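*Asks:* Structure file data_6.pdb, PDB, C-alpha atoms, is pasted below:
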MODEL        1
ATOM      1  CA  MET A   1      80.336 116.652  82.875  1.00  0.00           C
ATOM      2  CA  ASN A   2      83.664 118.530  82.737  1.00  0.00           C
ATOM      3  CA  THR A   3      85.599 117.266  79.689  1.00  0.00           C
ATOM      4  CA  SER A   4      88.848 118.545  78.207  1.00  0.00           C
ATOM      5  CA  GLN A   5      90.584 117.368  75.073  1.00  0.00           C
ATOM      6  CA  ASP A   6      94.013 118.070  73.675  1.00  0.00           C
ATOM      7  CA  ASN A   7      95.767 116.399  70.787  1.00  0.00           C
ATOM      8  CA  HIS A   8      95.328 112.690  71.398  1.00  0.00           C
ATOM      9  CA  LEU A   9      93.940 112.579  74.967  1.00  0.00           C
ATOM     10  CA  THR A  10      90.506 113.274  76.416  1.00  0.00           C
ATOM     11  CA  ARG A  11      90.057 113.840  80.151  1.00  0.00           C
ATOM     12  CA  ILE A  12      86.815 113.736  82.134  1.00  0.00           C
ATOM     13  CA  ALA A  13      87.126 115.252  85.594  1.00  0.00           C
ATOM     14  CA  ALA A  14      83.684 114.157  86.795  1.00  0.00           C
ATOM     15  CA  PRO A  15      81.406 111.856  84.784  1.00  0.00           C
ATOM     16  CA  ARG A  16      77.686 112.351  85.423  1.00  0.00           C
ATOM     17  CA  GLY A  17      76.799 111.071  88.869  1.00  0.00           C
ATOM     18  CA  VAL A  18      80.413 110.948  90.105  1.00  0.00           C
ATOM     19  CA  ALA A  19      81.797 113.594  92.451  1.00  0.00           C
ATOM     20  CA  PRO A  20      84.888 115.407  91.109  1.00  0.00           C
ATOM     21  CA  GLY A  21      88.188 114.064  92.401  1.00  0.00           C
ATOM     22  CA  THR A  22      90.809 116.220  94.024  1.00  0.00           C
ATOM     23  CA  GLY A  23      94.080 116.183  92.096  1.00  0.00           C
ATOM     24  CA  TYR A  24      93.130 113.794  89.281  1.00  0.00           C
ATOM     25  CA  HIS A  25      90.663 113.147  86.459  1.00  0.00           C
ATOM     26  CA  HIS A  26      88.350 110.147  86.800  1.00  0.00           C
ATOM     27  CA  VAL A  27      88.633 109.143  83.134  1.00  0.00           C
ATOM     28  CA  VAL A  28      91.402 109.642  80.570  1.00  0.00           C
ATOM     29  CA  TRP A  29      91.588 108.027  77.139  1.00  0.00           C
ATOM     30  CA  GLY A  30      93.474 108.499  73.934  1.00  0.00           C
ATOM     31  CA  THR A  31      94.659 107.073  70.653  1.00  0.00           C
ATOM     32  CA  GLY A  32      98.256 106.051  69.973  1.00  0.00           C
ATOM     33  CA  ARG A  33     100.992 103.760  71.280  1.00  0.00           C
ATOM     34  CA  PHE A  34     100.454 102.406  74.789  1.00  0.00           C
ATOM     35  CA  VAL A  35     103.452 102.760  77.128  1.00  0.00           C
ATOM     36  CA  ALA A  36     103.667 101.102  80.556  1.00  0.00           C
ATOM     37  CA  VAL A  37     106.365 102.284  82.958  1.00  0.00           C
ATOM     38  CA  SER A  38     107.183  99.965  85.845  1.00  0.00           C
ATOM     39  CA  GLY A  39     106.970 101.313  89.356  1.00  0.00           C
ATOM     40  CA  GLN A  40     109.838 103.693  90.006  1.00  0.00           C
ATOM     41  CA  CYS A  41     111.527 104.259  93.359  1.00  0.00           C
ATOM     42  CA  ALA A  42     113.884 106.982  94.579  1.00  0.00           C
ATOM     43  CA  PHE A  43     117.136 105.582  93.204  1.00  0.00           C
ATOM     44  CA  ASP A  44     119.600 107.715  91.271  1.00  0.00           C
ATOM     45  CA  GLU A  45     121.330 106.498  88.113  1.00  0.00           C
ATOM     46  CA  LYS A  46     123.933 104.684  90.227  1.00  0.00           C
ATOM     47  CA  GLY A  47     121.261 102.803  92.186  1.00  0.00           C
ATOM     48  CA  GLU A  48     121.764 104.858  95.340  1.00  0.00           C
ATOM     49  CA  LEU A  49     118.726 105.887  97.388  1.00  0.00           C
ATOM     50  CA  VAL A  50     117.906 109.600  97.242  1.00  0.00           C
ATOM     51  CA  GLY A  51     116.251 111.189 100.282  1.00  0.00           C
ATOM     52  CA  GLU A  52     116.220 108.551 102.995  1.00  0.00           C
ATOM     53  CA  GLY A  53     113.381 109.500 105.366  1.00  0.00           C
ATOM     54  CA  ASP A  54     112.444 112.519 103.177  1.00  0.00           C
ATOM     55  CA  ALA A  55     109.192 112.019 101.238  1.00  0.00           C
ATOM     56  CA  ALA A  56     109.605 115.223  99.182  1.00  0.00           C
ATOM     57  CA  ALA A  57     113.129 114.289  98.023  1.00  0.00           C
ATOM     58  CA  GLN A  58     112.056 110.743  97.211  1.00  0.00           C
ATOM     59  CA  ALA A  59     109.026 111.987  95.262  1.00  0.00           C
ATOM     60  CA  ARG A  60     111.155 114.370  93.173  1.00  0.00           C
ATOM     61  CA  GLN A  61     113.584 111.542  92.340  1.00  0.00           C
ATOM     62  CA  VAL A  62     110.739 109.175  91.467  1.00  0.00           C
ATOM     63  CA  PHE A  63     109.237 111.710  89.050  1.00  0.00           C
ATOM     64  CA  GLU A  64     112.670 112.299  87.505  1.00  0.00           C
ATOM     65  CA  ASN A  65     112.998 108.547  86.977  1.00  0.00           C
ATOM     66  CA  LEU A  66     109.513 108.435  85.454  1.00  0.00           C
ATOM     67  CA  ARG A  67     110.471 111.316  83.134  1.00  0.00           C
ATOM     68  CA  ARG A  68     113.544 109.426  81.945  1.00  0.00           C
ATOM     69  CA  CYS A  69     111.584 106.210  81.399  1.00  0.00           C
ATOM     70  CA  LEU A  70     108.863 108.036  79.480  1.00  0.00           C
ATOM     71  CA  ALA A  71     111.501 109.770  77.337  1.00  0.00           C
ATOM     72  CA  ALA A  72     113.013 106.383  76.463  1.00  0.00           C
ATOM     73  CA  ALA A  73     109.635 105.504  74.914  1.00  0.00           C
ATOM     74  CA  GLY A  74     109.266 108.871  73.158  1.00  0.00           C
ATOM     75  CA  ALA A  75     106.709 110.049  75.724  1.00  0.00           C
ATOM     76  CA  THR A  76     106.388 112.970  78.149  1.00  0.00           C
ATOM     77  CA  PHE A  77     104.245 113.632  81.193  1.00  0.00           C
ATOM     78  CA  ASP A  78     101.716 115.205  78.782  1.00  0.00           C
ATOM     79  CA  ASP A  79     101.079 111.663  77.476  1.00  0.00           C
ATOM     80  CA  VAL A  80     100.461 110.057  80.890  1.00  0.00           C
ATOM     81  CA  VAL A  81      96.916 108.739  81.311  1.00  0.00           C
ATOM     82  CA  LYS A  82      97.299 106.939  84.660  1.00  0.00           C
ATOM     83  CA  LEU A  83      99.544 107.105  87.717  1.00  0.00           C
ATOM     84  CA  THR A  84      99.434 104.614  90.570  1.00  0.00           C
ATOM     85  CA  TYR A  85     101.021 105.639  93.860  1.00  0.00           C
ATOM     86  CA  PHE A  86     102.127 103.018  96.374  1.00  0.00           C
ATOM     87  CA  VAL A  87     103.060 104.767  99.620  1.00  0.00           C
ATOM     88  CA  THR A  88     103.992 103.392 103.005  1.00  0.00           C
ATOM     89  CA  ASP A  89     102.194 106.317 104.678  1.00  0.00           C
ATOM     90  CA  VAL A  90      99.318 108.284 103.124  1.00  0.00           C
ATOM     91  CA  ALA A  91     100.601 111.311 105.057  1.00  0.00           C
ATOM     92  CA  ASP A  92     103.294 111.504 102.330  1.00  0.00           C
ATOM     93  CA  LEU A  93     100.733 112.114  99.547  1.00  0.00           C
ATOM     94  CA  PRO A  94     100.981 115.947  99.760  1.00  0.00           C
ATOM     95  CA  ALA A  95     104.735 115.674  99.012  1.00  0.00           C
ATOM     96  CA  VAL A  96     103.973 113.325  96.117  1.00  0.00           C
ATOM     97  CA  ARG A  97     101.341 115.698  94.711  1.00  0.00           C
ATOM     98  CA  GLU A  98     103.716 118.653  95.018  1.00  0.00           C
ATOM     99  CA  ALA A  99     106.417 116.806  93.051  1.00  0.00           C
ATOM    100  CA  ARG A 100     103.804 115.707  90.489  1.00  0.00           C
ATOM    101  CA  ASP A 101     102.535 119.272  90.053  1.00  0.00           C
ATOM    102  CA  GLU A 102     106.087 120.400  89.243  1.00  0.00           C
ATOM    103  CA  VAL A 103     106.060 118.184  86.124  1.00  0.00           C
ATOM    104  CA  ILE A 104     102.376 117.799  85.189  1.00  0.00           C
ATOM    105  CA  ASP A 105     100.013 120.678  84.419  1.00  0.00           C
ATOM    106  CA  PRO A 106      97.328 120.604  87.158  1.00  0.00           C
ATOM    107  CA  ASP A 107      94.690 121.241  84.451  1.00  0.00           C
ATOM    108  CA  ARG A 108      95.806 118.100  82.563  1.00  0.00           C
ATOM    109  CA  LEU A 109      96.115 115.549  85.338  1.00  0.00           C
ATOM    110  CA  PRO A 110      95.933 111.838  84.597  1.00  0.00           C
ATOM    111  CA  ALA A 111      93.648 109.334  86.268  1.00  0.00           C
ATOM    112  CA  SER A 112      95.257 108.035  89.440  1.00  0.00           C
ATOM    113  CA  SER A 113      95.060 105.635  92.348  1.00  0.00           C
ATOM    114  CA  ALA A 114      96.810 105.844  95.702  1.00  0.00           C
ATOM    115  CA  VAL A 115      97.386 102.781  97.829  1.00  0.00           C
ATOM    116  CA  GLN A 116      98.964 102.615 101.266  1.00  0.00           C
ATOM    117  CA  VAL A 117     101.106  99.496 101.541  1.00  0.00           C
ATOM    118  CA  ALA A 118     102.643  97.867 104.598  1.00  0.00           C
ATOM    119  CA  ALA A 119     106.100  97.908 103.012  1.00  0.00           C
ATOM    120  CA  LEU A 120     108.016  98.112  99.762  1.00  0.00           C
ATOM    121  CA  PHE A 121     110.905  95.849  98.792  1.00  0.00           C
ATOM    122  CA  ARG A 122     113.402  97.903 100.848  1.00  0.00           C
ATOM    123  CA  PRO A 123     112.459  99.378 104.224  1.00  0.00           C
ATOM    124  CA  GLU A 124     113.890 102.850 103.507  1.00  0.00           C
ATOM    125  CA  LEU A 125     111.620 103.327 100.466  1.00  0.00           C
ATOM    126  CA  LEU A 126     108.607 105.522 101.149  1.00  0.00           C
ATOM    127  CA  MET A 127     106.941 105.221  97.735  1.00  0.00           C
ATOM    128  CA  GLU A 128     106.827 103.583  94.344  1.00  0.00           C
ATOM    129  CA  ILE A 129     104.952 105.121  91.404  1.00  0.00           C
ATOM    130  CA  GLU A 130     104.023 103.533  88.073  1.00  0.00           C
ATOM    131  CA  ALA A 131     102.741 105.275  84.946  1.00  0.00           C
ATOM    132  CA  PHE A 132     100.744 104.423  81.857  1.00  0.00           C
ATOM    133  CA  ALA A 133     100.907 106.706  78.836  1.00  0.00           C
ATOM    134  CA  VAL A 134      99.458 106.909  75.346  1.00  0.00           C
ATOM    135  CA  VAL A 135     101.831 108.453  72.817  1.00  0.00           C
ATOM    136  CA  PRO A 136     100.326 109.965  69.655  1.00  0.00           C
ATOM    137  CA  GLU A 137     101.340 108.338  66.412  1.00  0.00           C
ATOM    138  CA  ARG A 138     103.816 110.577  64.613  1.00  0.00           C
ATOM    139  CA  PRO A 139     105.507 110.173  61.262  1.00  0.00           C
ATOM    140  CA  GLY A 140     108.478 107.906  61.858  1.00  0.00           C
ATOM    141  CA  SER A 141     106.944 106.240  64.902  1.00  0.00           C
ATOM    142  CA  GLY A 142     105.035 103.045  65.547  1.00  0.00           C
ATOM    143  CA  PRO A 143     105.701  99.549  64.222  1.00  0.00           C
ATOM    144  CA  GLY A 144     109.042  99.180  62.494  1.00  0.00           C
ATOM    145  CA  TYR A 145     110.448 102.454  63.823  1.00  0.00           C
ATOM    146  CA  GLU A 146     113.503 102.576  66.043  1.00  0.00           C
ATOM    147  CA  ALA A 147     115.180 105.521  67.676  1.00  0.00           C
ATOM    148  CA  GLU A 148     117.938 105.841  70.202  1.00  0.00           C
ATOM    149  CA  SER A 149     116.996 107.316  73.551  1.00  0.00           C
ATOM    150  CA  GLU A 150     119.196 109.663  75.566  1.00  0.00           C
ATOM    151  CA  THR A 151     120.533 106.606  77.403  1.00  0.00           C
ATOM    152  CA  GLY A 152     121.550 104.881  74.183  1.00  0.00           C
ATOM    153  CA  PHE A 153     118.842 102.230  74.403  1.00  0.00           C
ATOM    154  CA  ARG A 154     116.865 101.490  71.280  1.00  0.00           C
ATOM    155  CA  THR A 155     113.205 102.385  71.345  1.00  0.00           C
ATOM    156  CA  GLY A 156     110.423 101.562  68.951  1.00  0.00           C
ATOM    157  CA  SER A 157     108.883  98.270  67.923  1.00  0.00           C
ATOM    158  CA  GLY A 158     112.277  96.632  67.466  1.00  0.00           C
ATOM    159  CA  ALA A 159     112.913  97.181  71.172  1.00  0.00           C
ATOM    160  CA  GLY A 160     109.544  95.860  72.326  1.00  0.00           C
ATOM    161  CA  LEU A 161     107.909  99.294  72.468  1.00  0.00           C
ATOM    162  CA  GLY A 162     105.673 101.019  69.979  1.00  0.00           C
ATOM    163  CA  THR A 163     103.623  97.968  69.087  1.00  0.00           C
ATOM    164  CA  GLY A 164     100.943 100.081  67.460  1.00  0.00           C
ATOM    165  CA  PHE A 165      98.488  99.153  70.240  1.00  0.00           C
ATOM    166  CA  LYS A 166      95.416 101.354  69.866  1.00  0.00           C
ATOM    167  CA  THR A 167      93.349 102.529  72.763  1.00  0.00           C
ATOM    168  CA  GLY A 168      90.309 104.756  72.963  1.00  0.00           C
ATOM    169  CA  PHE A 169      86.703 104.763  71.891  1.00  0.00           C
ATOM    170  CA  ALA A 170      85.174 104.780  68.443  1.00  0.00           C
ATOM    171  CA  SER A 171      83.145 107.877  67.585  1.00  0.00           C
TER     172      SER A 171
ENDMDL
END
Kindly return the structure encoded in the file as structure tokens.

*Replies:*
Amino acid sequence: MNTSQDNHLTRIAAPRGVAPGTGYHHVVWGTGRFVAVSGQCAFDEKGELVGEGDAAAQARQVFENLRRCLAAAGATFDDVVKLTYFVTDVADLPAVREARDEVIDPDRLPASSAVQVAALFRPELLMEIEAFAVVPERPGSGPGYEAESETGFRTGSGAGLGTGFKTGFAS
């Protein structure tokens, strides 16, 4: 069993009896605040589509949007434990993986699922990606803590984030 651990997350690439995955870890767990990021599409900050018909451009914009959403919760891609890819064509997955590898260390990949869908809510969208993260508890974080993100939105338990939800396994 190939296991790696850093800070607050443990990753298992291949549990006993399970073939290793390509481009993901089968199991990731951690301890800290749970953060769920809704599926992100390739819209810029003005709501305009980036990269119509271009899977690579859309993937880069989606990962930038994920980065901004994670930052609003005090998280980074290092804290991501699960990504779910919804693509209209699985042939676009190499472009998605390339964009992902630009922001996530290939040795510290999250668990992931990829699903081909018939359509997304707008026909020009090629993908939507959601993320789950576990942020380590830090002094000044968790219940009762509020900070202001780069966008000016409040984060922390007063904003509905940082509920102190614990995840992981007991030793």

*Asks:* Name the residues that the PyMOL selection byres ((chain A and resi 46-63) around 9) picks from the file above, as a JSON list (two decimals) with C-alpha atoms, in the frame of the given file, using the file's chain letters and numbers.

*Replies:*
[["chain", "number", "residue", "atom", "x", "y", "z"],
["A", 39, "GLY", "CA", 106.97, 101.31, 89.36],
["A", 40, "GLN", "CA", 109.84, 103.69, 90.01],
["A", 41, "CYS", "CA", 111.53, 104.26, 93.36],
["A", 42, "ALA", "CA", 113.88, 106.98, 94.58],
["A", 43, "PHE", "CA", 117.14, 105.58, 93.20],
["A", 44, "ASP", "CA", 119.60, 107.72, 91.27],
["A", 45, "GLU", "CA", 121.33, 106.50, 88.11],
["A", 64, "GLU", "CA", 112.67, 112.30, 87.50],
["A", 65, "ASN", "CA", 113.00, 108.55, 86.98],
["A", 66, "LEU", "CA", 109.51, 108.44, 85.45],
["A", 67, "ARG", "CA", 110.47, 111.32, 83.13],
["A", 68, "ARG", "CA", 113.54, 109.43, 81.94],
["A", 92, "ASP", "CA", 103.29, 111.50, 102.33],
["A", 93, "LEU", "CA", 100.73, 112.11, 99.55],
["A", 94, "PRO", "CA", 100.98, 115.95, 99.76],
["A", 95, "ALA", "CA", 104.74, 115.67, 99.01],
["A", 96, "VAL", "CA", 103.97, 113.32, 96.12],
["A", 97, "ARG", "CA", 101.34, 115.70, 94.71],
["A", 98, "GLU", "CA", 103.72, 118.65, 95.02],
["A", 99, "ALA", "CA", 106.42, 116.81, 93.05],
["A", 100, "ARG", "CA", 103.80, 115.71, 90.49],
["A", 102, "GLU", "CA", 106.09, 120.40, 89.24],
["A", 103, "VAL", "CA", 106.06, 118.18, 86.12],
["A", 124, "GLU", "CA", 113.89, 102.85, 103.51],
["A", 125, "LEU", "CA", 111.62, 103.33, 100.47],
["A", 126, "LEU", "CA", 108.61, 105.52, 101.15],
["A", 127, "MET", "CA", 106.94, 105.22, 97.74],
["A", 128, "GLU", "CA", 106.83, 103.58, 94.34],
["A", 129, "ILE", "CA", 104.95, 105.12, 91.40]]

*Asks:* Can you tell me, as number ranges by chain, which residues sit within 8 Å of (94.0, 113.0, 82.1) in the file's frame, using only C-alpha atoms?

*Replies:* A: 9-12, 24-29, 80-82, 108-111

*Asks:* Would you export the selected residues with C-alpha atoms as a compact mmCIF listing (two decimals), keeping the file's coordinate frame, please?

*Replies:*
# COMPACT_ATOMS: atom_id res chain seq x y z
CA LEU A 9 93.94 112.58 74.97
CA THR A 10 90.51 113.27 76.42
CA ARG A 11 90.06 113.84 80.15
CA ILE A 12 86.82 113.74 82.13
CA TYR A 24 93.13 113.79 89.28
CA HIS A 25 90.66 113.15 86.46
CA HIS A 26 88.35 110.15 86.80
CA VAL A 27 88.63 109.14 83.13
CA VAL A 28 91.40 109.64 80.57
CA TRP A 29 91.59 108.03 77.14
CA VAL A 80 100.46 110.06 80.89
CA VAL A 81 96.92 108.74 81.31
CA LYS A 82 97.30 106.94 84.66
CA ARG A 108 95.81 118.10 82.56
CA LEU A 109 96.12 115.55 85.34
CA PRO A 110 95.93 111.84 84.60
CA ALA A 111 93.65 109.33 86.27

*Asks:* Can you measure CA of Asp79 in chain A to CA of Gln116 in chain A for me? One decimal in Å is fine.

*Replies:* 25.5 Å

*Asks:* Just how far from CA of Phe77 in chain A is CA of Ile104 in chain A, in Å to one decimal?

*Replies:*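 Calculated distance between CA of Ile104 in chain A and CA of Phe77 in chain A is 6.1 Å.
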
*Asks:* Considering all atoms listed in the file, return as a PyMOL selection string whatever protein or nucleic-acid residues lie within 7 Å of range 130-137 of chain A, sequence-local ones (same chain, fewer than 5 positions apart) excluded.

*Replies:* chain A and resi 8+30-40+75+79-85+142

*Asks:* One decimal, Å: what's the distance from CA of Thr88 in chain A over to CA of Cys69 in chain A, could you say?

*Replies:*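 These atoms are spaced 23.1 Å apart.
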
*Asks:* When you write range 121-132 of chain A out from the block above, keep all heavy atoms and present the result as a PDB file, in the first residue's frame, please.

*Replies:*
ATOM      1  N   PHE A 121     -25.452  23.298 -18.039  1.00  0.00           N
ATOM      2  CA  PHE A 121     -26.583  24.226 -18.082  1.00  0.00           C
ATOM      3  C   PHE A 121     -26.518  25.241 -19.215  1.00  0.00           C
ATOM      4  O   PHE A 121     -27.512  25.902 -19.498  1.00  0.00           O
ATOM      5  CB  PHE A 121     -26.777  24.919 -16.724  1.00  0.00           C
ATOM      6  CG  PHE A 121     -25.721  25.916 -16.374  1.00  0.00           C
ATOM      7  CD1 PHE A 121     -25.930  27.271 -16.602  1.00  0.00           C
ATOM      8  CD2 PHE A 121     -24.534  25.518 -15.803  1.00  0.00           C
ATOM      9  CE1 PHE A 121     -24.963  28.198 -16.274  1.00  0.00           C
ATOM     10  CE2 PHE A 121     -23.566  26.439 -15.463  1.00  0.00           C
ATOM     11  CZ  PHE A 121     -23.771  27.779 -15.710  1.00  0.00           C
ATOM     12  N   ARG A 122     -25.351  25.380 -19.870  1.00  0.00           N
ATOM     13  CA  ARG A 122     -25.245  26.191 -21.087  1.00  0.00           C
ATOM     14  C   ARG A 122     -24.500  25.371 -22.121  1.00  0.00           C
ATOM     15  O   ARG A 122     -23.481  24.742 -21.801  1.00  0.00           O
ATOM     16  CB  ARG A 122     -24.512  27.510 -20.808  1.00  0.00           C
ATOM     17  CG  ARG A 122     -25.427  28.506 -20.099  1.00  0.00           C
ATOM     18  CD  ARG A 122     -24.875  29.871 -19.870  1.00  0.00           C
ATOM     19  NE  ARG A 122     -24.037  30.446 -20.894  1.00  0.00           N
ATOM     20  CZ  ARG A 122     -23.363  31.588 -20.731  1.00  0.00           C
ATOM     21  NH1 ARG A 122     -23.460  32.268 -19.589  1.00  0.00           N
ATOM     22  NH2 ARG A 122     -22.611  32.065 -21.698  1.00  0.00           N
ATOM     23  N   PRO A 123     -24.947  25.360 -23.353  1.00  0.00           N
ATOM     24  CA  PRO A 123     -24.374  24.464 -24.362  1.00  0.00           C
ATOM     25  C   PRO A 123     -22.902  24.714 -24.680  1.00  0.00           C
ATOM     26  O   PRO A 123     -22.201  23.788 -25.100  1.00  0.00           O
ATOM     27  CB  PRO A 123     -25.248  24.689 -25.595  1.00  0.00           C
ATOM     28  CG  PRO A 123     -25.966  25.966 -25.360  1.00  0.00           C
ATOM     29  CD  PRO A 123     -26.053  26.167 -23.884  1.00  0.00           C
ATOM     30  N   GLU A 124     -22.399  25.918 -24.468  1.00  0.00           N
ATOM     31  CA  GLU A 124     -20.995  26.202 -24.793  1.00  0.00           C
ATOM     32  C   GLU A 124     -20.030  25.755 -23.693  1.00  0.00           C
ATOM     33  O   GLU A 124     -18.811  25.795 -23.875  1.00  0.00           O
ATOM     34  CB  GLU A 124     -20.798  27.687 -25.127  1.00  0.00           C
ATOM     35  CG  GLU A 124     -21.093  28.640 -23.992  1.00  0.00           C
ATOM     36  CD  GLU A 124     -22.556  29.076 -23.877  1.00  0.00           C
ATOM     37  OE1 GLU A 124     -23.459  28.379 -24.356  1.00  0.00           O
ATOM     38  OE2 GLU A 124     -22.785  30.140 -23.281  1.00  0.00           O
ATOM     39  N   LEU A 125     -20.551  25.315 -22.551  1.00  0.00           N
ATOM     40  CA  LEU A 125     -19.697  24.841 -21.463  1.00  0.00           C
ATOM     41  C   LEU A 125     -19.238  23.418 -21.741  1.00  0.00           C
ATOM     42  O   LEU A 125     -20.044  22.547 -22.067  1.00  0.00           O
ATOM     43  CB  LEU A 125     -20.443  24.887 -20.131  1.00  0.00           C
ATOM     44  CG  LEU A 125     -20.783  26.282 -19.627  1.00  0.00           C
ATOM     45  CD1 LEU A 125     -21.686  26.197 -18.406  1.00  0.00           C
ATOM     46  CD2 LEU A 125     -19.514  27.051 -19.301  1.00  0.00           C
ATOM     47  N   LEU A 126     -17.946  23.184 -21.600  1.00  0.00           N
ATOM     48  CA  LEU A 126     -17.379  21.866 -21.839  1.00  0.00           C
ATOM     49  C   LEU A 126     -17.149  21.095 -20.549  1.00  0.00           C
ATOM     50  O   LEU A 126     -16.978  19.876 -20.585  1.00  0.00           O
ATOM     51  CB  LEU A 126     -16.040  22.000 -22.589  1.00  0.00           C
ATOM     52  CG  LEU A 126     -16.105  22.744 -23.922  1.00  0.00           C
ATOM     53  CD1 LEU A 126     -14.712  22.896 -24.509  1.00  0.00           C
ATOM     54  CD2 LEU A 126     -17.043  22.019 -24.880  1.00  0.00           C
ATOM     55  N   MET A 127     -17.129  21.808 -19.407  1.00  0.00           N
ATOM     56  CA  MET A 127     -16.827  21.147 -18.137  1.00  0.00           C
ATOM     57  C   MET A 127     -17.325  21.960 -16.966  1.00  0.00           C
ATOM     58  O   MET A 127     -17.534  23.167 -17.063  1.00  0.00           O
ATOM     59  CB  MET A 127     -15.325  20.923 -17.996  1.00  0.00           C
ATOM     60  CG  MET A 127     -14.532  22.213 -17.853  1.00  0.00           C
ATOM     61  SD  MET A 127     -12.774  22.013 -18.147  1.00  0.00           S
ATOM     62  CE  MET A 127     -12.727  21.580 -19.870  1.00  0.00           C
ATOM     63  N   GLU A 128     -17.477  21.250 -15.854  1.00  0.00           N
ATOM     64  CA  GLU A 128     -17.745  21.852 -14.551  1.00  0.00           C
ATOM     65  C   GLU A 128     -16.973  20.993 -13.552  1.00  0.00           C
ATOM     66  O   GLU A 128     -16.974  19.762 -13.656  1.00  0.00           O
ATOM     67  CB  GLU A 128     -19.241  21.818 -14.241  1.00  0.00           C
ATOM     68  CG  GLU A 128     -19.601  22.424 -12.912  1.00  0.00           C
ATOM     69  CD  GLU A 128     -21.106  22.555 -12.703  1.00  0.00           C
ATOM     70  OE1 GLU A 128     -21.854  22.661 -13.697  1.00  0.00           O
ATOM     71  OE2 GLU A 128     -21.522  22.539 -11.529  1.00  0.00           O
ATOM     72  N   ILE A 129     -16.294  21.632 -12.610  1.00  0.00           N
ATOM     73  CA  ILE A 129     -15.472  20.897 -11.644  1.00  0.00           C
ATOM     74  C   ILE A 129     -15.789  21.400 -10.247  1.00  0.00           C
ATOM     75  O   ILE A 129     -15.811  22.608 -10.006  1.00  0.00           O
ATOM     76  CB  ILE A 129     -13.966  21.068 -11.939  1.00  0.00           C
ATOM     77  CG1 ILE A 129     -13.643  20.611 -13.368  1.00  0.00           C
ATOM     78  CG2 ILE A 129     -13.118  20.288 -10.911  1.00  0.00           C
ATOM     79  CD1 ILE A 129     -12.223  20.910 -13.824  1.00  0.00           C
ATOM     80  N   GLU A 130     -16.035  20.452  -9.322  1.00  0.00           N
ATOM     81  CA  GLU A 130     -16.268  20.803  -7.924  1.00  0.00           C
ATOM     82  C   GLU A 130     -15.111  20.274  -7.082  1.00  0.00           C
ATOM     83  O   GLU A 130     -14.396  19.364  -7.506  1.00  0.00           O
ATOM     84  CB  GLU A 130     -17.602  20.249  -7.422  1.00  0.00           C
ATOM     85  CG  GLU A 130     -17.649  18.739  -7.356  1.00  0.00           C
ATOM     86  CD  GLU A 130     -18.996  18.198  -6.897  1.00  0.00           C
ATOM     87  OE1 GLU A 130     -20.001  18.937  -6.876  1.00  0.00           O
ATOM     88  OE2 GLU A 130     -19.036  17.006  -6.555  1.00  0.00           O
ATOM     89  N   ALA A 131     -14.939  20.862  -5.900  1.00  0.00           N
ATOM     90  CA  ALA A 131     -13.821  20.478  -5.032  1.00  0.00           C
ATOM     91  C   ALA A 131     -14.282  20.378  -3.586  1.00  0.00           C
ATOM     92  O   ALA A 131     -15.145  21.144  -3.145  1.00  0.00           O
ATOM     93  CB  ALA A 131     -12.698  21.511  -5.133  1.00  0.00           C
ATOM     94  N   PHE A 132     -13.684  19.442  -2.882  1.00  0.00           N
ATOM     95  CA  PHE A 132     -13.837  19.328  -1.436  1.00  0.00           C
ATOM     96  C   PHE A 132     -12.443  19.437  -0.846  1.00  0.00           C
ATOM     97  O   PHE A 132     -11.486  18.857  -1.367  1.00  0.00           O
ATOM     98  CB  PHE A 132     -14.468  17.996  -1.036  1.00  0.00           C
ATOM     99  CG  PHE A 132     -15.843  17.794  -1.598  1.00  0.00           C
ATOM    100  CD1 PHE A 132     -16.096  16.767  -2.491  1.00  0.00           C
ATOM    101  CD2 PHE A 132     -16.882  18.643  -1.256  1.00  0.00           C
ATOM    102  CE1 PHE A 132     -17.356  16.577  -3.022  1.00  0.00           C
ATOM    103  CE2 PHE A 132     -18.154  18.464  -1.788  1.00  0.00           C
ATOM    104  CZ  PHE A 132     -18.388  17.424  -2.669  1.00  0.00           C
TER     105      PHE A 132
END
